[in-house]
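Worksheet: the structure to be examined is printed underneath.
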Amino acid sequence: MSDLPEKLREKMAARAREGNLRTLSVPPYGVDFYSNDYLGLSGEPLAVPKAPEAPGSHPTGHPGEAVASSTESGAHFAGHAPGQIRGDAPSGPDAESPAHGSGGSRLVSGNHPLYAELENTLCRAHRADAALVYNSGYDANIGLLSAVPQRTDYVFYDESVHASIRDGLGLCRARAYSFAHNSLESLSRRVATVLPDGIPSGSEVYVVTETVFSMEGDGPDLAGITAYCRANGFRLILDEAHAVGVFGKRGEGTVAAAGLEDLVFARVVTFGKAIGRHGAAVLCDSELREYLVNFSRSLIYTTALPPRTLESLLEAYALMSGETGNRRRDGLWENIAFFRQQAEALGLDKGFYTAGGPIQTYRVGDSRKAGRLAGRLVEKGFLVKAIRYPTVPRGSECLRFCLHSYNSKDDILSVLSILSEELKMET
């Protein structure tokens, strides 16, 4: 095997000199203040599958069709009692649906009937006309943004959007322009500069942002930006990755909770955060869904999710929108309020962003210092992540605290007290 090219070695060396070199490691043991599992659903045990049935014996009409449901939510899928999942379907070339793998892309062999059930569930949960499931949030943003804006179109995006949004825009042929974080005024000025005479004939304008940002934990003025886009004929695309499951009475996300779903061109919801599973979906109207099935490359050219994953997602949505989800959301918001109160009592509140959700970020402004502080917290049993360049701009390095329904008040007070003492030692 040939050596790594020298210019790539130099890039790695530069990262190391700056204290920003990334490595993969097994997660240490400690109190979780760094995962996105806000409701603790990733640790929820799945229903135990029934014993395998003989080939050809499928009372529900299709092997693997039934889905477990939560006794707390009262939801039932495919006519089975709570806690039951169909047994393994026969595998191999004669099987209708392999239990552990999909066997191909959704346009070939992988479009298991559970996809339709899941997408209908998503439409009900988030009040959408149509839904299209992707393998991950990254795939969904890549697939949506690389396919929709065309060469003659214009895209305006928040400067703090996720890397998947930036990469999707990098693959499309439209002209893309950033605006200052959460600033409707900056967006308006940017549009006026780029399009002083209005939208050219044959062009579309897309505005892309997030409802809850993954680093800052804040979000835009949704009512303001939806009204602005509607007044100007712009199409609004919103990433709801960190809002789903957390915001709204049933975890429907900020858009549906505010009743603004009809003013949004497309929403991206992901299942790897509060839902505690894997995958994502684009919520839109049926016409856009059909277009994406035909032109979204990250959907067309990848192996579909396996049926077991789809079953797990249906089960998670039953939990999230039922009594389990309600109880855990209440606990999460109680912890968020307690965290803010204790941070203020310790004099730390001025260092934290004013976000009101589960992501609480403490500004440090230096990569090495952020790394040292996070390391000391981990040594004392509290898992907190240092967020450093290039994930955030230079000078914006920070400690990111993710709060959960299962964090105890003692743990919250302890981690903040340790942070306070460590900051005093740094000065």
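Going by the structure tokens order, chains are called A, B, ..., each with residues numbered from 1, while ligands are numbered from 1 in the order shown.
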
*Near region 197-212 of chain A, within 7 Å and counting only C-alpha atoms, which residues show up once chain neighbours fewer than 2 positions away are dropped, as a ChimeraX atom specification?*
/A:152-158,161,195,214,217-220,234-240,242-243,254

What does the file look like for those residues with N, CA, C and O atoms, as a short mmCIF file (atom, residue, chain, number, x, y, z; two decimals), in the first residue's frame?
data_model
loop_
_atom_site.label_atom_id
_atom_site.label_comp_id
_atom_site.auth_asym_id
_atom_site.auth_seq_id
_atom_site.Cartn_x
_atom_site.Cartn_y
_atom_site.Cartn_z
N THR A 152 -30.65 27.89 -12.26
CA THR A 152 -31.08 29.29 -12.30
C THR A 152 -31.69 29.76 -10.97
O THR A 152 -32.19 30.87 -10.89
N ASP A 153 -31.64 28.90 -9.94
CA ASP A 153 -32.26 29.24 -8.67
C ASP A 153 -31.26 29.87 -7.70
O ASP A 153 -30.04 29.86 -7.93
N TYR A 154 -31.79 30.37 -6.58
CA TYR A 154 -30.99 31.02 -5.55
C TYR A 154 -31.33 30.40 -4.19
O TYR A 154 -32.51 30.15 -3.89
N VAL A 155 -30.30 30.18 -3.39
CA VAL A 155 -30.50 29.62 -2.05
C VAL A 155 -29.85 30.55 -1.03
O VAL A 155 -28.69 30.95 -1.19
N PHE A 156 -30.58 30.87 0.02
CA PHE A 156 -30.06 31.67 1.13
C PHE A 156 -30.13 30.80 2.39
O PHE A 156 -31.20 30.28 2.73
N TYR A 157 -28.99 30.61 3.06
CA TYR A 157 -28.95 29.68 4.19
C TYR A 157 -28.26 30.33 5.39
O TYR A 157 -27.36 31.16 5.26
N ASP A 158 -28.72 29.94 6.57
CA ASP A 158 -28.12 30.41 7.82
C ASP A 158 -26.66 29.95 7.88
O ASP A 158 -26.34 28.81 7.57
N VAL A 161 -25.74 26.49 9.63
CA VAL A 161 -26.42 25.23 9.31
C VAL A 161 -25.47 24.05 9.38
O VAL A 161 -24.25 24.19 9.26
N LEU A 195 -30.53 40.11 -5.18
CA LEU A 195 -31.67 40.22 -6.10
C LEU A 195 -32.32 41.60 -5.98
O LEU A 195 -33.48 41.72 -5.56
N SER A 214 -27.73 22.60 16.24
CA SER A 214 -27.09 21.53 16.99
C SER A 214 -25.97 22.00 17.90
O SER A 214 -25.62 21.31 18.86
N GLY A 217 -28.01 25.47 20.08
CA GLY A 217 -29.25 25.08 20.74
C GLY A 217 -30.37 26.07 20.56
O GLY A 217 -31.46 25.89 21.12
N ASP A 218 -30.14 27.12 19.78
CA ASP A 218 -31.17 28.14 19.58
C ASP A 218 -31.86 27.93 18.23
O ASP A 218 -31.61 26.94 17.54
N GLY A 219 -32.73 28.85 17.86
CA GLY A 219 -33.43 28.73 16.59
C GLY A 219 -33.94 30.08 16.12
O GLY A 219 -33.89 31.07 16.85
N PRO A 220 -34.44 30.15 14.89
CA PRO A 220 -34.91 31.42 14.33
C PRO A 220 -36.29 31.80 14.84
O PRO A 220 -36.98 31.00 15.49
N PHE A 234 -40.83 33.01 -1.49
CA PHE A 234 -39.68 32.13 -1.31
C PHE A 234 -40.15 30.79 -0.75
O PHE A 234 -41.16 30.71 -0.05
N ARG A 235 -39.38 29.73 -1.02
CA ARG A 235 -39.70 28.40 -0.52
C ARG A 235 -38.80 28.10 0.69
O ARG A 235 -37.57 28.12 0.57
N LEU A 236 -39.41 27.82 1.83
CA LEU A 236 -38.68 27.63 3.09
C LEU A 236 -38.44 26.15 3.36
O LEU A 236 -39.37 25.34 3.33
N ILE A 237 -37.18 25.80 3.63
CA ILE A 237 -36.79 24.44 3.99
C ILE A 237 -36.22 24.46 5.41
O ILE A 237 -35.31 25.24 5.70
N LEU A 238 -36.75 23.63 6.29
CA LEU A 238 -36.35 23.63 7.69
C LEU A 238 -35.89 22.25 8.13
O LEU A 238 -36.54 21.25 7.86
N ASP A 239 -34.76 22.23 8.83
CA ASP A 239 -34.24 21.00 9.44
C ASP A 239 -34.72 20.96 10.89
O ASP A 239 -34.40 21.85 11.68
N GLU A 240 -35.47 19.92 11.23
CA GLU A 240 -36.05 19.79 12.58
C GLU A 240 -35.38 18.67 13.39
O GLU A 240 -35.98 18.14 14.32
N HIS A 242 -33.20 18.40 15.78
CA HIS A 242 -33.11 18.49 17.24
C HIS A 242 -34.40 19.00 17.90
O HIS A 242 -34.42 19.24 19.10
N ALA A 243 -35.45 19.15 17.10
CA ALA A 243 -36.74 19.59 17.63
C ALA A 243 -37.73 18.45 17.80
O ALA A 243 -38.55 18.45 18.73
N THR A 254 -41.19 21.90 16.32
CA THR A 254 -41.57 23.31 16.50
C THR A 254 -42.52 23.80 15.42
O THR A 254 -43.38 24.64 15.67
#

*Quick one: everything within 10 Å of Arg394 (chain A), counting only C-alpha atoms, minus sequence neighbours fewer than 5 positions away in the same chain. Send it as a PyMOL selection string.*
chain A and resi 365-367+388-389

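Proximity of A:Pro306, A:Gly347, A:Gly381, A:Gly325 to Gly248 (chain A), computed with only C-alpha atoms, is greatest for A:Gly325.
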
*For Ser186 (chain A), list every protein, DNA or RNA residue within 12 Å, evaluated using only C-alpha atoms, and leave out those in the same chain fewer than 6 positions away; present the list as a list in words.*
Phe156, Tyr157, Asp158, Glu159, Tyr177, Ser178, Phe179, Ala180, Ala192, Thr193 and Ile225 of chain A

*Do a neighbour search on Ile165 (chain A) at 7 Å with only C-alpha atoms, toss out local chain neighbours closer than 4 positions, and write the hits as an MDAnalysis selection string.*
chainID A and resid 141:142 161 169

*Which of region 118-275 of chain A DSSP labels helix (DSSP H, G or I), written as a PyMOL selection string*: chain A and resi 118-126+137-147+163-171+184-194+222-232+254-257+261-263
